[in-house]
Structures are given as C-alpha cells and as structure tokens.
Amino acid sequence: MFDELRPHLVELRKRLAISAASLIVMFFVMFFFHEPILNWMVEPLNTALIEVGKKSIHAADGMITTSQVGGAFFVALKVSFFAAIVGALPIILSQIWLFIAPGLYAHEKKMIIPFIVGGTLMFLVGVLFAYYVVTPFGFDFLITFGSFKFTPLINIEDYVGFFTKIMFGFGLAFELPIFAYFLALLGLVDDRQMAAFFKYAIVIIFIVAALLTPPDVLTQLLMAGPLIILYGLSIIIVKLVNPAKPEEDEDEEEDEEENEDIAQENAQLEDKKQEE
C-alpha cells in the first residue's frame with residue numbers, strides 16, 4: 001500500500017516545495033513594498049478614527065499604537081507575508097492543478113489556465129469586497145460604539161492580524177463558484193446534490209462568518225449574505241456544467257448495473273461449474 005502511495009507523496013512534496021519557494025520569493029519582493037501596502041491596509045482604520053473624532057466631541061481622537069519592542073518590524077513581516085500569499089496565488093493554484101492533473105482526461109487538463117485565472121480573480125474580488133464594503137461598515141460601528149466614553153487606541157499588531165483574517169476569509173469564500181465549476185466539470189457534484197445541501201450550507205456559512213468576522217451581527221451578515229448568494233450562483237453554474245439526470249434515467253442506470261452484476265455472477269458460477 002505504501003508503494004502505491006509513494007509516487008503521489010513524491011509528487012505532493014514537489015508541488016509543495018515549488019509553492020513554498022514561490023511564497024518565499026514573493027515575500028522578499030513584498031517586503032520591499034511593505035510600507036505602501038501597510039498604508040493601504042490601515043486606510044479603513046484611519047477613516048473610522050477620523051469619523052470618531054467628528055462624532056465624539058468629548059473624547060480625544062483615536063490613535064494607532066504599538067505595544068511591542070520592534071512591533072513595527074513584526075508588522076512589516078506580517079504585511080509582507082499577506083501580500084506574498086496574494087502574489088504567489090497563481091503559482092499555488094497551478095501547483096494544485098498539476099497535482100490532480102494526472103487523474104484527469106486530456107480535455108480536462110487543458111482547463112489549467114481558466115482555473116488559475118478564475119481562482120486568482122475571484123480571490124481578489126473577495127478581498128476588494130471585504131476592503132471596500134465590509135471593513136468600512138464594520139470598523140465604523142466597532143470603533144464608534146462607546147467612543148463617547150473611551151479613547152480608541154488601536155494596537156497595530158492586533159489590527160493587521162484581524163485585517164488579514166477578514167481578507168483571507170472573503171478571498172477564500174469567493175472561490176466557491178470556481179471550485180463548484182471544476183467539481184461539476186469532473187462529475188463529482190451535480191445541481192441536485194448542491195440544492196439538497198443548501199440548508200446545511202446556510203448553517204455552515206453562518207458558523208464560518210462568526211469565526212472570521214468581529215463579534216457583531218452587522219459584519220457577520222455582510223459576510224454570510226454574499227456567501228449565500230455565491231452558493232446559489234454555484235448551483236446555477238453546476239446545473240449548466242453537470243445537470244442532474246432525471247430520476248427515471250438514474251433508475252434505468254441502476255437496473256442496468258444490477259443486471260450487469262447478476263450477469264457477471266452467473267458467468268463466474270458457470271466458470272466454476274466448468275472447472276469442477
């Protein structure tokens with residue numbers, strides 16, 4: 001059994017090594033540009049703090065602080081790593097596809113470019129949606145709430161970790177239609193299965209939204225809502241690519257399979273009788 005798995009493990013190690021190497025290279029590239037990237041990441045927070053200053057007459061303006069020795073350096077590392085993952089995403093997706101490619105048909109292997117381009121674009125759409133739609137509402141609500149009593153002093157280390165979690169959460173969530181399309185293309189799912197799983201998907205979506213967003217209902221709904229819409233879109237995509245067969249056809253196929261199994265069993269019995 002281990003001998004059968006060994007070639008797959010070797011291939012997996014090769015794909016992981018290439019992905020890791022691309023991530024390391026992109027990390028050093030992004031570290032050179034970490035300041036403008038950090039400015040971009042902090043912009044929604046600065047906007048929210050300005051709004052606090054306008055609304056809270058009795059409170060001092062909020063501030064972005066650091067509580068660690070060398071905090072700015074560690075923040076630069078986090079920012080560079082986040083940007084490196086986004087930058088290396090096309091290579092990582094290509095390695096995922098090349099790992100599963102040996103088990104695909106020739107016409108399916110040609111879908112590597114749509115998989116890479118579509119996966120990268122949808123991830124970026126998710127990140128941009130989180131940046132321009134979710135974070136302005138979420139940060140404004142969370143920071144403004146109680147600001148008439150307290151002065152918001154935001155720790156930059158905590159903020160960067162919080163920000164990247166939201167961005168990755170939305171980026172991965174927006175990959176759902178892409179993965180649904182390719183699973184349907186491979187014949188692994190159909191629209192009937194997706195529709196039957198919809199009620200369970202809603203529960204899972206709200207659990208994921210609760211884990212990846214701040215503990216407020218508004219931000220959770222801003223994540224759960226698009227996810228539910230994306231799941232519905234995925235059902236439509238799967239229906240176009242791999243529609244479920246009518247139940248009558250499935251029954252006929254099951255009957256044919258049963259007849260084939262019976263025929264094989266009868267043939268085996270006849271062979272045994274002839275040998276005896």
# chains A, B, ... in the order shown; residues from 1 in each chain; ligands from 1
call {"tool": "select_by_dssp", "arguments": {"residues": "region 15-201 of chain A", "states": "alpha helix (DSSP H)", "output": "compact mmCIF listing (two decimals) with N, CA and C atoms, in the first residue's frame"}}
result
# COMPACT_ATOMS: atom_id res chain seq x y z
N ARG A 15 5.19 19.61 -5.46
CA ARG A 15 4.28 20.74 -5.62
C ARG A 15 4.32 21.67 -4.41
N LEU A 16 4.44 21.10 -3.23
CA LEU A 16 4.55 21.92 -2.02
C LEU A 16 5.86 22.70 -2.00
N ALA A 17 6.93 22.08 -2.48
CA ALA A 17 8.23 22.75 -2.50
C ALA A 17 8.20 23.94 -3.47
N ILE A 18 7.59 23.76 -4.63
CA ILE A 18 7.50 24.85 -5.60
C ILE A 18 6.64 25.99 -5.05
N SER A 19 5.52 25.62 -4.40
CA SER A 19 4.65 26.64 -3.82
C SER A 19 5.37 27.41 -2.72
N ALA A 20 6.10 26.69 -1.86
CA ALA A 20 6.83 27.34 -0.78
C ALA A 20 7.92 28.25 -1.32
N ALA A 21 8.63 27.80 -2.37
CA ALA A 21 9.69 28.62 -2.96
C ALA A 21 9.12 29.91 -3.56
N SER A 22 7.99 29.79 -4.24
CA SER A 22 7.36 30.98 -4.81
C SER A 22 6.90 31.94 -3.71
N LEU A 23 6.44 31.37 -2.60
CA LEU A 23 5.99 32.20 -1.48
C LEU A 23 7.17 32.95 -0.86
N ILE A 24 8.31 32.28 -0.73
CA ILE A 24 9.50 32.92 -0.15
C ILE A 24 10.00 34.05 -1.04
N VAL A 25 10.04 33.79 -2.36
CA VAL A 25 10.50 34.82 -3.30
C VAL A 25 9.58 36.03 -3.25
N MET A 26 8.27 35.78 -3.25
CA MET A 26 7.30 36.88 -3.21
C MET A 26 7.38 37.63 -1.87
N PHE A 27 7.73 36.93 -0.80
CA PHE A 27 7.85 37.58 0.50
C PHE A 27 8.93 38.65 0.47
N PHE A 28 10.09 38.32 -0.09
CA PHE A 28 11.18 39.30 -0.14
C PHE A 28 10.83 40.46 -1.08
N VAL A 29 10.10 40.16 -2.15
CA VAL A 29 9.68 41.22 -3.06
C VAL A 29 8.71 42.16 -2.36
N MET A 30 7.73 41.58 -1.66
CA MET A 30 6.72 42.39 -0.99
C MET A 30 7.27 43.13 0.22
N PHE A 31 8.31 42.59 0.84
CA PHE A 31 8.91 43.28 1.98
C PHE A 31 9.48 44.64 1.55
N PHE A 32 9.94 44.70 0.33
CA PHE A 32 10.47 45.95 -0.21
C PHE A 32 9.36 47.00 -0.35
N HIS A 34 6.52 47.02 1.64
CA HIS A 34 5.60 46.82 2.77
C HIS A 34 4.98 48.12 3.26
N GLU A 35 5.67 49.23 3.12
CA GLU A 35 5.12 50.50 3.62
C GLU A 35 3.87 50.93 2.85
N PRO A 36 3.90 51.00 1.51
CA PRO A 36 2.65 51.35 0.81
C PRO A 36 1.55 50.33 1.02
N ILE A 37 1.91 49.06 1.16
CA ILE A 37 0.89 48.03 1.41
C ILE A 37 0.27 48.24 2.79
N LEU A 38 1.09 48.55 3.78
CA LEU A 38 0.58 48.81 5.12
C LEU A 38 -0.31 50.05 5.14
N ASN A 39 0.09 51.08 4.41
CA ASN A 39 -0.74 52.30 4.32
C ASN A 39 -2.12 51.97 3.73
N TRP A 40 -2.13 51.09 2.72
CA TRP A 40 -3.39 50.67 2.12
C TRP A 40 -4.25 49.89 3.12
N MET A 41 -3.60 49.04 3.91
CA MET A 41 -4.33 48.23 4.89
C MET A 41 -4.90 49.09 6.02
N VAL A 42 -4.19 50.14 6.40
CA VAL A 42 -4.59 50.95 7.55
C VAL A 42 -5.60 52.03 7.15
N GLU A 43 -5.77 52.27 5.87
CA GLU A 43 -6.66 53.35 5.42
C GLU A 43 -8.08 53.23 5.98
N PRO A 44 -8.73 52.04 5.95
CA PRO A 44 -10.08 51.95 6.53
C PRO A 44 -10.10 52.29 8.02
N LEU A 45 -9.05 51.92 8.74
CA LEU A 45 -8.98 52.23 10.16
C LEU A 45 -8.82 53.72 10.39
N ASN A 46 -7.96 54.36 9.62
CA ASN A 46 -7.79 55.81 9.74
C ASN A 46 -9.09 56.55 9.46
N THR A 47 -9.81 56.09 8.46
CA THR A 47 -11.08 56.72 8.12
C THR A 47 -12.07 56.59 9.27
N ALA A 48 -12.11 55.39 9.89
CA ALA A 48 -13.02 55.18 11.02
C ALA A 48 -12.62 56.05 12.21
N LEU A 49 -11.33 56.20 12.46
CA LEU A 49 -10.87 57.04 13.58
C LEU A 49 -11.19 58.51 13.34
N ILE A 50 -11.12 58.94 12.09
CA ILE A 50 -11.49 60.32 11.77
C ILE A 50 -12.97 60.55 12.04
N GLU A 51 -13.78 59.54 11.69
CA GLU A 51 -15.22 59.65 11.94
C GLU A 51 -15.49 59.71 13.44
N VAL A 52 -14.71 58.98 14.23
CA VAL A 52 -14.86 59.02 15.69
C VAL A 52 -14.58 60.43 16.19
N GLY A 53 -13.53 61.06 15.65
CA GLY A 53 -13.19 62.41 16.07
C GLY A 53 -14.29 63.42 15.74
N LYS A 54 -15.00 63.16 14.62
CA LYS A 54 -16.08 64.07 14.25
C LYS A 54 -17.32 63.88 15.11
N LYS A 55 -17.60 62.60 15.46
CA LYS A 55 -18.84 62.31 16.18
C LYS A 55 -18.69 62.48 17.68
N GLY A 71 7.82 46.25 17.34
CA GLY A 71 6.49 45.97 16.80
C GLY A 71 6.36 46.32 15.34
N ALA A 72 6.96 47.44 14.94
CA ALA A 72 6.87 47.86 13.54
C ALA A 72 7.51 46.84 12.61
N PHE A 73 8.61 46.23 13.07
CA PHE A 73 9.28 45.22 12.24
C PHE A 73 8.41 43.99 12.06
N PHE A 74 7.79 43.52 13.15
CA PHE A 74 6.94 42.33 13.05
C PHE A 74 5.69 42.61 12.22
N VAL A 75 5.20 43.82 12.29
CA VAL A 75 4.07 44.20 11.45
C VAL A 75 4.48 44.17 9.98
N ALA A 76 5.69 44.65 9.68
CA ALA A 76 6.19 44.61 8.30
C ALA A 76 6.28 43.17 7.80
N LEU A 77 6.68 42.24 8.68
CA LEU A 77 6.76 40.83 8.29
C LEU A 77 5.37 40.27 7.99
N LYS A 78 4.39 40.60 8.85
CA LYS A 78 3.03 40.12 8.63
C LYS A 78 2.45 40.67 7.34
N VAL A 79 2.66 41.94 7.11
CA VAL A 79 2.15 42.57 5.90
C VAL A 79 2.78 41.95 4.66
N SER A 80 4.08 41.72 4.71
CA SER A 80 4.78 41.13 3.57
C SER A 80 4.31 39.71 3.30
N PHE A 81 4.04 38.96 4.36
CA PHE A 81 3.58 37.58 4.20
C PHE A 81 2.19 37.55 3.59
N PHE A 82 1.33 38.45 4.05
CA PHE A 82 -0.02 38.54 3.48
C PHE A 82 0.04 38.86 1.99
N ALA A 83 0.84 39.86 1.64
CA ALA A 83 0.96 40.25 0.23
C ALA A 83 1.62 39.15 -0.59
N ALA A 84 2.55 38.40 0.03
CA ALA A 84 3.24 37.33 -0.69
C ALA A 84 2.27 36.21 -1.06
N ILE A 85 1.35 35.88 -0.17
CA ILE A 85 0.37 34.84 -0.47
C ILE A 85 -0.50 35.25 -1.65
N VAL A 86 -0.93 36.51 -1.64
CA VAL A 86 -1.75 37.01 -2.75
C VAL A 86 -0.93 37.00 -4.04
N GLY A 87 0.32 37.44 -3.97
CA GLY A 87 1.15 37.49 -5.16
C GLY A 87 1.51 36.12 -5.70
N ALA A 88 1.68 35.14 -4.81
CA ALA A 88 2.06 33.79 -5.24
C ALA A 88 0.85 32.91 -5.53
N LEU A 89 -0.35 33.46 -5.38
CA LEU A 89 -1.56 32.65 -5.55
C LEU A 89 -1.64 31.96 -6.91
N PRO A 90 -1.33 32.64 -8.03
CA PRO A 90 -1.39 31.93 -9.32
C PRO A 90 -0.49 30.70 -9.37
N ILE A 91 0.71 30.81 -8.79
CA ILE A 91 1.62 29.67 -8.80
C ILE A 91 1.09 28.56 -7.90
N ILE A 92 0.54 28.93 -6.74
CA ILE A 92 -0.01 27.92 -5.82
C ILE A 92 -1.18 27.19 -6.47
N LEU A 93 -2.06 27.93 -7.15
CA LEU A 93 -3.19 27.31 -7.83
C LEU A 93 -2.72 26.40 -8.95
N SER A 94 -1.67 26.82 -9.66
CA SER A 94 -1.15 25.97 -10.74
C SER A 94 -0.59 24.67 -10.20
N GLN A 95 0.04 24.72 -9.03
CA GLN A 95 0.58 23.51 -8.44
C GLN A 95 -0.52 22.58 -7.94
N ILE A 96 -1.62 23.15 -7.45
CA ILE A 96 -2.77 22.33 -7.07
C ILE A 96 -3.32 21.60 -8.28
N TRP A 97 -3.44 22.34 -9.39
CA TRP A 97 -3.98 21.73 -10.61
C TRP A 97 -3.03 20.66 -11.16
N LEU A 98 -1.75 20.93 -11.16
CA LEU A 98 -0.79 19.96 -11.68
C LEU A 98 -0.73 18.70 -10.82
N PHE A 99 -1.05 18.83 -9.53
CA PHE A 99 -1.07 17.66 -8.66
C PHE A 99 -2.23 16.73 -8.99
N ILE A 100 -3.39 17.32 -9.33
CA ILE A 100 -4.55 16.48 -9.64
C ILE A 100 -4.64 16.15 -11.13
N ALA A 106 -7.67 14.23 -21.02
CA ALA A 106 -6.85 15.18 -21.77
C ALA A 106 -7.54 16.53 -21.92
N HIS A 107 -8.86 16.55 -22.20
CA HIS A 107 -9.55 17.82 -22.38
C HIS A 107 -9.71 18.57 -21.06
N GLU A 108 -9.71 17.83 -19.94
CA GLU A 108 -9.81 18.46 -18.63
C GLU A 108 -8.50 19.10 -18.21
N LYS A 109 -7.39 18.50 -18.61
CA LYS A 109 -6.08 19.06 -18.26
C LYS A 109 -5.86 20.43 -18.87
N ILE A 112 -6.34 24.31 -17.08
CA ILE A 112 -5.45 24.87 -16.06
C ILE A 112 -5.45 26.40 -16.09
N ILE A 113 -5.45 27.00 -17.29
CA ILE A 113 -5.43 28.47 -17.37
C ILE A 113 -6.72 29.08 -16.81
N PRO A 114 -7.92 28.59 -17.21
CA PRO A 114 -9.14 29.13 -16.59
C PRO A 114 -9.17 28.94 -15.07
N PHE A 115 -8.64 27.82 -14.60
CA PHE A 115 -8.62 27.56 -13.16
C PHE A 115 -7.74 28.58 -12.44
N ILE A 116 -6.56 28.85 -12.98
CA ILE A 116 -5.63 29.79 -12.35
C ILE A 116 -6.18 31.22 -12.43
N VAL A 117 -6.60 31.63 -13.63
CA VAL A 117 -7.10 33.00 -13.82
C VAL A 117 -8.37 33.22 -13.02
N GLY A 118 -9.31 32.28 -13.13
CA GLY A 118 -10.57 32.42 -12.41
C GLY A 118 -10.38 32.41 -10.90
N GLY A 119 -9.55 31.49 -10.42
CA GLY A 119 -9.31 31.41 -8.98
C GLY A 119 -8.65 32.66 -8.43
N THR A 120 -7.68 33.20 -9.17
CA THR A 120 -6.98 34.41 -8.73
C THR A 120 -7.92 35.61 -8.74
N LEU A 121 -8.69 35.76 -9.82
CA LEU A 121 -9.60 36.91 -9.94
C LEU A 121 -10.68 36.88 -8.85
N MET A 122 -11.25 35.70 -8.60
CA MET A 122 -12.30 35.61 -7.58
C MET A 122 -11.75 35.87 -6.19
N PHE A 123 -10.52 35.44 -5.92
CA PHE A 123 -9.89 35.75 -4.63
C PHE A 123 -9.72 37.26 -4.47
N LEU A 124 -9.25 37.92 -5.53
CA LEU A 124 -9.06 39.37 -5.48
C LEU A 124 -10.40 40.09 -5.34
N VAL A 125 -11.43 39.59 -6.00
CA VAL A 125 -12.77 40.19 -5.87
C VAL A 125 -13.24 40.09 -4.42
N GLY A 126 -12.99 38.94 -3.79
CA GLY A 126 -13.37 38.77 -2.39
C GLY A 126 -12.62 39.72 -1.48
N VAL A 127 -11.33 39.89 -1.72
CA VAL A 127 -10.52 40.81 -0.92
C VAL A 127 -11.01 42.25 -1.09
N LEU A 128 -11.26 42.64 -2.33
CA LEU A 128 -11.71 44.01 -2.59
C LEU A 128 -13.11 44.26 -2.02
N PHE A 129 -13.97 43.26 -2.08
CA PHE A 129 -15.29 43.39 -1.49
C PHE A 129 -15.18 43.60 0.02
N THR A 135 -15.25 46.24 5.63
CA THR A 135 -14.47 46.91 6.67
C THR A 135 -14.94 48.34 6.98
N PRO A 136 -15.36 49.15 5.99
CA PRO A 136 -15.84 50.48 6.38
C PRO A 136 -17.02 50.43 7.35
N PHE A 137 -17.99 49.54 7.08
CA PHE A 137 -19.14 49.42 7.98
C PHE A 137 -18.73 48.82 9.32
N GLY A 138 -17.93 47.75 9.25
CA GLY A 138 -17.54 47.06 10.47
C GLY A 138 -16.70 47.92 11.40
N PHE A 139 -15.67 48.57 10.85
CA PHE A 139 -14.78 49.39 11.68
C PHE A 139 -15.50 50.62 12.22
N ASP A 140 -16.34 51.22 11.39
CA ASP A 140 -17.07 52.40 11.84
C ASP A 140 -17.98 52.06 13.03
N PHE A 141 -18.64 50.91 12.94
CA PHE A 141 -19.54 50.50 14.02
C PHE A 141 -18.76 50.15 15.28
N LEU A 142 -17.71 49.32 15.12
CA LEU A 142 -16.98 48.83 16.29
C LEU A 142 -16.21 49.94 17.01
N ILE A 143 -15.60 50.84 16.25
CA ILE A 143 -14.78 51.89 16.87
C ILE A 143 -15.65 53.02 17.41
N THR A 144 -16.72 53.34 16.68
CA THR A 144 -17.59 54.43 17.12
C THR A 144 -18.37 54.06 18.37
N ILE A 156 -1.52 48.13 16.47
CA ILE A 156 -1.31 47.84 15.06
C ILE A 156 -1.07 46.35 14.82
N GLU A 157 -0.41 45.66 15.77
CA GLU A 157 -0.17 44.23 15.60
C GLU A 157 -1.49 43.47 15.56
N ASP A 158 -2.40 43.80 16.50
CA ASP A 158 -3.70 43.14 16.53
C ASP A 158 -4.51 43.48 15.28
N TYR A 159 -4.42 44.73 14.87
CA TYR A 159 -5.20 45.16 13.71
C TYR A 159 -4.79 44.43 12.44
N VAL A 160 -3.48 44.30 12.21
CA VAL A 160 -3.01 43.63 10.99
C VAL A 160 -3.46 42.18 10.97
N GLY A 161 -3.35 41.50 12.12
CA GLY A 161 -3.83 40.12 12.17
C GLY A 161 -5.32 40.02 11.92
N PHE A 162 -6.07 40.93 12.50
CA PHE A 162 -7.52 40.97 12.32
C PHE A 162 -7.88 41.27 10.86
N PHE A 163 -7.18 42.22 10.28
CA PHE A 163 -7.44 42.63 8.90
C PHE A 163 -7.17 41.48 7.92
N THR A 164 -6.02 40.83 8.07
CA THR A 164 -5.66 39.74 7.15
C THR A 164 -6.63 38.57 7.28
N LYS A 165 -7.13 38.31 8.49
CA LYS A 165 -8.09 37.21 8.67
C LYS A 165 -9.36 37.48 7.88
N ILE A 166 -9.84 38.72 7.94
CA ILE A 166 -11.04 39.08 7.18
C ILE A 166 -10.78 38.98 5.68
N MET A 167 -9.63 39.50 5.23
CA MET A 167 -9.34 39.48 3.80
C MET A 167 -9.24 38.05 3.26
N PHE A 168 -8.53 37.20 3.99
CA PHE A 168 -8.40 35.81 3.55
C PHE A 168 -9.74 35.09 3.59
N GLY A 169 -10.54 35.40 4.62
CA GLY A 169 -11.84 34.76 4.73
C GLY A 169 -12.72 35.06 3.53
N PHE A 170 -12.79 36.33 3.14
CA PHE A 170 -13.60 36.70 1.98
C PHE A 170 -12.97 36.21 0.69
N GLY A 171 -11.64 36.26 0.60
CA GLY A 171 -10.99 35.76 -0.61
C GLY A 171 -11.28 34.29 -0.86
N LEU A 172 -11.18 33.48 0.19
CA LEU A 172 -11.46 32.05 0.05
C LEU A 172 -12.95 31.81 -0.21
N ALA A 173 -13.81 32.61 0.45
CA ALA A 173 -15.25 32.44 0.25
C ALA A 173 -15.64 32.67 -1.21
N LEU A 176 -15.72 29.90 -4.05
CA LEU A 176 -16.74 28.85 -4.10
C LEU A 176 -17.27 28.57 -5.51
N PRO A 177 -17.66 29.58 -6.30
CA PRO A 177 -18.15 29.27 -7.65
C PRO A 177 -17.09 28.60 -8.54
N ILE A 178 -15.84 28.99 -8.36
CA ILE A 178 -14.76 28.39 -9.17
C ILE A 178 -14.61 26.91 -8.86
N PHE A 179 -14.52 26.58 -7.57
CA PHE A 179 -14.35 25.19 -7.20
C PHE A 179 -15.61 24.37 -7.54
N ALA A 180 -16.79 24.98 -7.40
CA ALA A 180 -18.02 24.28 -7.78
C ALA A 180 -18.02 23.96 -9.27
N TYR A 181 -17.54 24.91 -10.07
CA TYR A 181 -17.49 24.70 -11.52
C TYR A 181 -16.59 23.52 -11.89
N PHE A 182 -15.41 23.48 -11.29
CA PHE A 182 -14.47 22.42 -11.66
C PHE A 182 -14.87 21.08 -11.05
N LEU A 183 -15.50 21.08 -9.89
CA LEU A 183 -16.02 19.82 -9.34
C LEU A 183 -17.13 19.27 -10.23
N ALA A 184 -17.96 20.17 -10.75
CA ALA A 184 -19.01 19.74 -11.68
C ALA A 184 -18.41 19.26 -12.99
N LEU A 185 -17.37 19.94 -13.43
CA LEU A 185 -16.69 19.55 -14.68
C LEU A 185 -16.12 18.14 -14.57
N ASP A 191 -26.23 19.62 -9.71
CA ASP A 191 -27.05 20.67 -9.11
C ASP A 191 -28.03 20.12 -8.06
N ARG A 192 -28.49 18.89 -8.24
CA ARG A 192 -29.41 18.31 -7.26
C ARG A 192 -28.73 18.10 -5.92
N GLN A 193 -27.49 17.65 -5.94
CA GLN A 193 -26.73 17.48 -4.69
C GLN A 193 -26.47 18.82 -4.02
N MET A 194 -26.10 19.83 -4.82
CA MET A 194 -25.86 21.16 -4.26
C MET A 194 -27.12 21.74 -3.65
N ALA A 195 -28.25 21.58 -4.34
CA ALA A 195 -29.50 22.12 -3.82
C ALA A 195 -29.93 21.40 -2.55
N ALA A 196 -29.74 20.08 -2.50
CA ALA A 196 -30.12 19.32 -1.31
C ALA A 196 -29.27 19.70 -0.10
N PHE A 198 -28.18 22.70 0.50
CA PHE A 198 -28.29 24.15 0.71
C PHE A 198 -28.61 24.50 2.17
N LYS A 199 -29.55 23.81 2.79
CA LYS A 199 -29.94 24.13 4.16
C LYS A 199 -28.79 23.91 5.14
N TYR A 200 -27.97 22.89 4.87
CA TYR A 200 -26.80 22.67 5.72
C TYR A 200 -25.72 23.72 5.43
N ALA A 201 -25.65 24.13 4.17
CA ALA A 201 -24.65 25.14 3.78
C ALA A 201 -24.92 26.46 4.48
call {"tool": "atom_distance", "arguments": {"atom1": "CA of Ile202 (chain A)", "atom2": "CA of Lys239 (chain A)"}}
result
19.4 Å
call {"tool": "residues_around", "arguments": {"residues": "region 215-226 of chain A", "least_positions_apart": "3", "cutoff": "8 Å", "atoms": "only C-alpha atoms", "output": "PyMOL selection string"}}
result
chain A and resi 134+137-138+170+205-206+209-210+229-230
call {"tool": "write_last_selection", "arguments": {"atoms": "C-alpha atoms", "output": "PDB file, in the first residue's frame"}}
result
ATOM      1  CA  VAL A 134     -17.289  45.187   4.790  1.00  0.00           C
ATOM      2  CA  PHE A 137     -19.139  49.424   7.977  1.00  0.00           C
ATOM      3  CA  GLY A 138     -17.543  47.063  10.474  1.00  0.00           C
ATOM      4  CA  PHE A 170     -13.599  36.700   1.985  1.00  0.00           C
ATOM      5  CA  ILE A 205     -21.857  29.727   6.259  1.00  0.00           C
ATOM      6  CA  PHE A 206     -23.058  31.483   9.403  1.00  0.00           C
ATOM      7  CA  ALA A 209     -18.877  34.079   9.210  1.00  0.00           C
ATOM      8  CA  ALA A 210     -18.955  34.121  13.006  1.00  0.00           C
ATOM      9  CA  ILE A 229     -25.635  34.353  -2.881  1.00  0.00           C
ATOM     10  CA  LEU A 230     -22.397  32.738  -4.103  1.00  0.00           C
TER      11      LEU A 230
END
call {"tool": "atom_distance", "arguments": {"atom1": "CA of Leu12 (chain A)", "atom2": "CA of Gly103 (chain A)"}}
result
13.7 Å
call {"tool": "closest_residue", "arguments": {"among": "A:Leu188, A:Leu212, A:Met63, A:Glu175", "to": "Leu233 (chain A)", "atoms": "only C-alpha atoms"}}
result
A:Glu175
call {"tool": "atom_distance", "arguments": {"atom1": "CA of Val238 (chain A)", "atom2": "CA of Gly187 (chain A)"}}
result
9.6 Å
